[in-house]
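I have placed the structure first, in the form of structure tokens, so that the comments after it can refer back to it.
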Amino acid sequence: MINRKCFISGVKSTKLNKKEILFLKKYKPWGIILFSRNLHNVKQIKDLTSNIKRIFKDDNYPIMIDLEGGRINRLNKIISLDNFTSEYFGKIFIENKKEFLITYKLFVDKISFLLKNLGININTVPVLDIRYKNTSNVIGDRSFSKNTKIVSDIGDLCIKYFKNNSIGTVIKHIPGHGLAKVDSHYFTPSINKSLDYLNKNDFKAFKSKNSLFAMTAHVIFKKIDPYNTVTHSKKLINIIRKKIKFKNLIISDDLSMKSLKNSITENTRRSFNAGCNLALHCNGNLKEMTLVAQNSPKVNSFVLKKTSEFYKNLS
């Protein structure tokens, strides 16, 4: 672990090619993230995750996936989760708390069983963004509720249930993406709310969460830092640490998203300079992956300590 570098990369297809194997052996990313393009059937996925772990001689090597339910389901070739949106669970939470506790725990247990069977040990949930009217549908039904307390309460249960199943969680998109009027995959959202409003609403949903990982929002909060997205903002990362009290590993959102206007090299460097602990790159482009790798530091004592906590929960 100590020789690994502080970045997470994707891979291009359903199996590793020779160049990717050489890349993984040379640059030693902290972890890998998998997408629908990588995931076709159970046997193939098991072979892929086993091969990745074999390279690192590590049965607990971090392998991530986005499996929120609803439209965010990277295992859509294996299982349909179309009806199981965060919005769906948020409504049950309001209507019948007892039914929610049974249904949601069952959902998390089954998802965890599937992930472990496939060799995947981190799910990038829960989405703790607040739902608003007239904002980008990039969040939409991925949010549990328009009510901050409901989002926070379900988030706590999500983290707890997955942890009990030995699956790591990644709260996102810290400190809040719900007010964004455009999709940060393609544009740079800019939010004009005051710090006082944000502390009482969007930021509050993320406060004191017991997840080992958090993923940043590629969003500008103009009243706090008018120039930088959260991923590149020392001021916002400082708020995440001191006000929101997130004490564990901060992962950038995907550095190849169009919200970030600089080169891959610059986006990587600025993420670490702002205070991110791990840089995320998702598209499987080997040239870009190499630039991220070359500009990522080696694992430091803080990342090592928190990774050890993650490994401990897997045992």
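Naming works like this for the structure tokens: A, B, ... for the chains as they're shown, residue 1 at the start of each chain, ligands 1 onward in shown order.
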So that I can see what lies close to region 145-156 of chain A, please list as a VMD selection string the residues with an atom at most 6 Å from it, counting only C-alpha atoms and leaving out residues fewer than 2 positions away in the same chain.
chain A and resid 90 126 128 130 to 131 143 158 to 159 201 205
Mind dumping the selected residues with N, CA and C atoms as an mmCIF file, in the first residue's frame?
data_model
loop_
_atom_site.group_PDB
_atom_site.id
_atom_site.type_symbol
_atom_site.label_atom_id
_atom_site.label_comp_id
_atom_site.auth_asym_id
_atom_site.auth_seq_id
_atom_site.Cartn_x
_atom_site.Cartn_y
_atom_site.Cartn_z
ATOM 1 N N GLY A 90 -36.960 7.979 -0.247
ATOM 2 C CA GLY A 90 -37.295 9.170 0.527
ATOM 3 C C GLY A 90 -38.785 9.295 0.796
ATOM 4 N N PRO A 126 -23.929 7.457 -0.024
ATOM 5 C CA PRO A 126 -25.179 8.047 -0.494
ATOM 6 C C PRO A 126 -24.987 9.417 -1.156
ATOM 7 N N LEU A 128 -26.046 12.930 -0.993
ATOM 8 C CA LEU A 128 -26.600 13.767 0.082
ATOM 9 C C LEU A 128 -26.950 15.162 -0.416
ATOM 10 N N ILE A 130 -29.387 18.017 -1.739
ATOM 11 C CA ILE A 130 -30.781 18.378 -1.517
ATOM 12 C C ILE A 130 -31.462 18.577 -2.874
ATOM 13 N N ARG A 131 -32.713 18.139 -2.980
ATOM 14 C CA ARG A 131 -33.443 18.339 -4.228
ATOM 15 C C ARG A 131 -34.146 19.700 -4.208
ATOM 16 N N SER A 143 -31.675 12.371 -5.422
ATOM 17 C CA SER A 143 -31.751 12.928 -4.074
ATOM 18 C C SER A 143 -32.876 12.250 -3.294
ATOM 19 N N CYS A 158 -27.769 4.658 5.333
ATOM 20 C CA CYS A 158 -27.088 4.094 4.162
ATOM 21 C C CYS A 158 -25.649 3.720 4.510
ATOM 22 N N ILE A 159 -24.941 4.655 5.127
ATOM 23 C CA ILE A 159 -23.545 4.419 5.516
ATOM 24 C C ILE A 159 -23.449 3.249 6.496
ATOM 25 N N ASN A 201 -28.609 24.457 5.285
ATOM 26 C CA ASN A 201 -29.322 23.598 4.334
ATOM 27 C C ASN A 201 -28.382 22.584 3.678
ATOM 28 N N ALA A 205 -26.551 18.730 5.420
ATOM 29 C CA ALA A 205 -26.858 17.330 5.079
ATOM 30 C C ALA A 205 -25.614 16.443 5.151
#
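Excluding Glu266 (chain A) and any residue on its chain fewer than 6 positions from it, the residues at most 10 Å away by only C-alpha atoms are Leu255, Leu260, Leu291, Val292 and Asn295 of chain A.
Near region 69-80 of chain A, within 9 Å and counting only C-alpha atoms, sit Leu34, Phe35, Ser36, Arg37, Asn38, Leu39, His40, Asn41, Val42, Ser86, Asp141 and Arg142 of chain A, not including residues fewer than 6 positions from it in the same chain.
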Within 12 Å of region 55-61 of chain A using only C-alpha atoms, minus same-chain residues under 6 positions, as a count of residues only
39
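Nearest to Leu114 (chain A) of all the residues A:Lys46, A:Lys53, A:Lys98, A:Lys234 is A:Lys46, based on only C-alpha atoms.
With distances restricted to only C-alpha atoms, A:Ile224 is the closest residue to Tyr197 (chain A) from A:Ile224, A:Ile63, A:Met257, A:Cys6.
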Just list as a PyMOL selection string whatever in region 26-95 of chain A DSSP marks as helix (DSSP H, G or I).
chain A and resi 26-27+36-38+42-56+86-95
Would you compute the distance between CA of Phe203 (chain A) and CA of Pro175 (chain A)? Give it in Å to one decimal.
5.2 Å
Test item: residues at most 10 Å from Ala279 (chain A), only C-alpha atoms, excluding those fewer than 4 positions along its chain, as a PDB file with C-alpha atoms, in the first residue's frame:
ATOM      1  CA  LYS A   5      -0.170   6.722  -5.563  1.00  0.00           C
ATOM      2  CA  CYS A   6      -3.112   8.889  -4.544  1.00  0.00           C
ATOM      3  CA  PHE A   7      -5.345   8.455  -7.577  1.00  0.00           C
ATOM      4  CA  ILE A   8      -8.211   6.241  -8.729  1.00  0.00           C
ATOM      5  CA  SER A   9      -8.511   5.336 -12.400  1.00  0.00           C
ATOM      6  CA  PRO A  29      -3.202   3.648  -8.340  1.00  0.00           C
ATOM      7  CA  TRP A  30      -4.817   3.624  -4.894  1.00  0.00           C
ATOM      8  CA  MET A 215     -16.504  12.991  -3.238  1.00  0.00           C
ATOM      9  CA  THR A 231     -12.488  20.422  -5.999  1.00  0.00           C
ATOM     10  CA  ILE A 250     -11.727  13.421   0.235  1.00  0.00           C
ATOM     11  CA  ILE A 251     -11.876  12.183  -3.365  1.00  0.00           C
ATOM     12  CA  SER A 252     -12.202  14.606  -6.266  1.00  0.00           C
ATOM     13  CA  ASP A 253     -15.090  14.041  -8.638  1.00  0.00           C
ATOM     14  CA  ASP A 254     -13.966  12.906 -12.098  1.00  0.00           C
ATOM     15  CA  LEU A 255     -11.153  15.175 -13.327  1.00  0.00           C
ATOM     16  CA  ASN A 267      -6.753  19.752 -12.745  1.00  0.00           C
ATOM     17  CA  THR A 268      -4.865  17.007 -10.924  1.00  0.00           C
ATOM     18  CA  ARG A 269      -2.310  19.326  -9.310  1.00  0.00           C
ATOM     19  CA  SER A 271      -7.065  19.128  -6.622  1.00  0.00           C
ATOM     20  CA  PHE A 272      -4.207  18.089  -4.358  1.00  0.00           C
ATOM     21  CA  VAL A 292      -3.066  11.986 -13.547  1.00  0.00           C
ATOM     22  CA  ALA A 293      -0.662   9.307 -12.299  1.00  0.00           C
ATOM     23  CA  ASN A 295       0.955  14.363 -11.054  1.00  0.00           C
ATOM     24  CA  SER A 296      -0.382  12.436  -8.063  1.00  0.00           C
ATOM     25  CA  PRO A 297       1.698  12.070  -4.896  1.00  0.00           C
TER      26      PRO A 297
END
With distances taken over only C-alpha atoms, which residue among A:Glu87, A:Tyr161, A:Ser263, A:Thr14 lies nearest Ile52 (chain A)?
A:Thr14
I'd like the neighbourhood of region 178-190 of chain A as an MDAnalysis selection string, where a residue qualifies if any of its atoms comes within 10 Å (using only C-alpha atoms), though same-chain residues fewer than 4 positions away should be ignored.
chainID A and resid 127:140 142:143 146 173 198 202 217:223 226:229 253:261
Pick out the closest residue to Thr124 (chain A) from this set: A:Val230, A:Val299, A:Ala214, A:Ile237. Count only C-alpha atoms.
A:Ala214
Distance criterion (only C-alpha atoms): nearest to Phe213 (chain A) out of A:Ile174, A:Ser50, A:Leu236, A:Lys110
A:Ile174
As an mmCIF file with N, CA and C atoms, in the first residue's frame, list the residues of region 21-260 of chain A assigned to strand (DSSP E or B) by DSSP on the backbone atoms of this structure.
data_model
loop_
_atom_site.group_PDB
_atom_site.id
_atom_site.type_symbol
_atom_site.label_atom_id
_atom_site.label_comp_id
_atom_site.auth_asym_id
_atom_site.auth_seq_id
_atom_site.Cartn_x
_atom_site.Cartn_y
_atom_site.Cartn_z
ATOM 1 N N PRO A 29 -2.122 2.798 -8.868
ATOM 2 C CA PRO A 29 -3.202 3.648 -8.340
ATOM 3 C C PRO A 29 -3.737 3.105 -7.015
ATOM 4 N N TRP A 30 -4.229 4.020 -6.184
ATOM 5 C CA TRP A 30 -4.817 3.624 -4.894
ATOM 6 C C TRP A 30 -6.003 2.692 -5.106
ATOM 7 N N GLY A 31 -6.791 2.931 -6.180
ATOM 8 C CA GLY A 31 -7.964 2.112 -6.441
ATOM 9 C C GLY A 31 -8.398 2.213 -7.892
ATOM 10 N N ILE A 32 -9.419 1.427 -8.241
ATOM 11 C CA ILE A 32 -9.994 1.398 -9.592
ATOM 12 C C ILE A 32 -11.489 1.642 -9.483
ATOM 13 N N ILE A 33 -12.068 2.359 -10.454
ATOM 14 C CA ILE A 33 -13.514 2.526 -10.521
ATOM 15 C C ILE A 33 -14.035 1.882 -11.814
ATOM 16 N N LEU A 34 -15.134 1.161 -11.702
ATOM 17 C CA LEU A 34 -15.703 0.433 -12.834
ATOM 18 C C LEU A 34 -17.029 1.057 -13.275
ATOM 19 N N ILE A 63 -11.924 -1.384 -5.104
ATOM 20 C CA ILE A 63 -12.595 -1.350 -6.408
ATOM 21 C C ILE A 63 -13.974 -0.728 -6.209
ATOM 22 N N MET A 64 -14.212 0.372 -6.916
ATOM 23 C CA MET A 64 -15.404 1.196 -6.709
ATOM 24 C C MET A 64 -16.413 1.033 -7.841
ATOM 25 N N ILE A 65 -17.655 1.418 -7.524
ATOM 26 C CA ILE A 65 -18.728 1.427 -8.517
ATOM 27 C C ILE A 65 -19.764 2.466 -8.102
ATOM 28 N N LEU A 67 -23.480 2.613 -7.797
ATOM 29 C CA LEU A 67 -24.695 1.806 -7.803
ATOM 30 C C LEU A 67 -25.688 2.425 -6.828
ATOM 31 N N GLU A 68 -26.275 3.534 -7.273
ATOM 32 C CA GLU A 68 -27.204 4.276 -6.428
ATOM 33 C C GLU A 68 -28.600 3.659 -6.456
ATOM 34 N N GLY A 69 -28.956 3.032 -7.585
ATOM 35 C CA GLY A 69 -30.333 2.671 -7.871
ATOM 36 C C GLY A 69 -30.904 3.663 -8.877
ATOM 37 N N ILE A 72 -28.836 5.514 -12.094
ATOM 38 C CA ILE A 72 -27.398 5.357 -11.843
ATOM 39 C C ILE A 72 -27.157 3.925 -11.382
ATOM 40 N N ASN A 73 -26.950 3.065 -12.365
ATOM 41 C CA ASN A 73 -26.805 1.630 -12.122
ATOM 42 C C ASN A 73 -25.813 1.064 -13.123
ATOM 43 N N ILE A 122 -16.409 -0.908 -2.703
ATOM 44 C CA ILE A 122 -16.809 0.473 -2.394
ATOM 45 C C ILE A 122 -17.946 0.874 -3.324
ATOM 46 N N ASN A 123 -19.029 1.409 -2.751
ATOM 47 C CA ASN A 123 -20.134 1.949 -3.536
ATOM 48 C C ASN A 123 -20.205 3.452 -3.301
ATOM 49 N N VAL A 127 -25.915 9.740 -2.077
ATOM 50 C CA VAL A 127 -26.032 11.103 -2.592
ATOM 51 C C VAL A 127 -26.729 11.920 -1.506
ATOM 52 N N GLY A 168 -17.521 -0.160 1.608
ATOM 53 C CA GLY A 168 -17.229 1.245 1.863
ATOM 54 C C GLY A 168 -18.213 2.153 1.145
ATOM 55 N N THR A 169 -18.427 3.350 1.700
ATOM 56 C CA THR A 169 -19.335 4.330 1.086
ATOM 57 C C THR A 169 -18.603 5.636 0.791
ATOM 58 N N VAL A 170 -19.142 6.384 -0.179
ATOM 59 C CA VAL A 170 -18.578 7.675 -0.581
ATOM 60 C C VAL A 170 -19.712 8.689 -0.586
ATOM 61 N N ILE A 171 -19.771 9.572 0.413
ATOM 62 C CA ILE A 171 -20.821 10.589 0.411
ATOM 63 C C ILE A 171 -20.522 11.600 -0.697
ATOM 64 N N LYS A 172 -21.578 12.022 -1.383
ATOM 65 C CA LYS A 172 -21.373 12.935 -2.517
ATOM 66 C C LYS A 172 -22.618 13.806 -2.711
ATOM 67 N N HIS A 173 -22.482 14.950 -3.322
ATOM 68 C CA HIS A 173 -21.245 15.561 -3.819
ATOM 69 C C HIS A 173 -20.942 16.706 -2.855
ATOM 70 N N ILE A 174 -20.010 16.450 -1.946
ATOM 71 C CA ILE A 174 -19.752 17.353 -0.822
ATOM 72 C C ILE A 174 -19.195 18.696 -1.313
ATOM 73 N N SER A 190 -22.582 27.421 -11.016
ATOM 74 C CA SER A 190 -22.215 28.499 -10.096
ATOM 75 C C SER A 190 -23.417 28.792 -9.198
ATOM 76 N N ILE A 191 -23.211 28.745 -7.899
ATOM 77 C CA ILE A 191 -24.287 28.894 -6.920
ATOM 78 C C ILE A 191 -24.067 30.176 -6.135
ATOM 79 N N PHE A 213 -15.142 7.902 3.059
ATOM 80 C CA PHE A 213 -14.832 8.617 1.824
ATOM 81 C C PHE A 213 -15.913 9.653 1.512
ATOM 82 N N ALA A 214 -15.481 10.752 0.894
ATOM 83 C CA ALA A 214 -16.406 11.771 0.378
ATOM 84 C C ALA A 214 -15.918 12.210 -0.990
ATOM 85 N N MET A 215 -16.853 12.530 -1.887
ATOM 86 C CA MET A 215 -16.504 12.991 -3.238
ATOM 87 C C MET A 215 -16.944 14.438 -3.405
ATOM 88 N N THR A 216 -16.051 15.253 -3.950
ATOM 89 C CA THR A 216 -16.317 16.686 -4.089
ATOM 90 C C THR A 216 -17.308 16.997 -5.201
ATOM 91 N N ILE A 220 -19.001 25.879 -8.232
ATOM 92 C CA ILE A 220 -18.498 27.126 -7.647
ATOM 93 C C ILE A 220 -19.556 27.698 -6.703
ATOM 94 N N PHE A 221 -19.160 27.999 -5.466
ATOM 95 C CA PHE A 221 -20.010 28.734 -4.529
ATOM 96 C C PHE A 221 -19.498 30.167 -4.494
ATOM 97 N N THR A 229 -14.012 25.798 -8.370
ATOM 98 C CA THR A 229 -14.942 24.766 -7.939
ATOM 99 C C THR A 229 -14.469 24.213 -6.596
ATOM 100 N N LEU A 249 -11.205 10.555 4.038
ATOM 101 C CA LEU A 249 -10.561 10.801 2.743
ATOM 102 C C LEU A 249 -11.489 11.535 1.776
ATOM 103 N N ILE A 250 -10.988 12.632 1.230
ATOM 104 C CA ILE A 250 -11.727 13.421 0.235
ATOM 105 C C ILE A 250 -11.226 13.034 -1.160
ATOM 106 N N ILE A 251 -12.161 12.575 -1.983
ATOM 107 C CA ILE A 251 -11.876 12.183 -3.365
ATOM 108 C C ILE A 251 -12.429 13.256 -4.286
#
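Rounded to one decimal, CA of Val11 (chain A) and CA of Gly284 (chain A) lie 4.4 Å from each other.
If only C-alpha atoms are the atoms counted, then among A:Asp47, A:Asn283, A:Lys204, A:Leu157 the closest residue to Ile244 (chain A) is A:Lys204.
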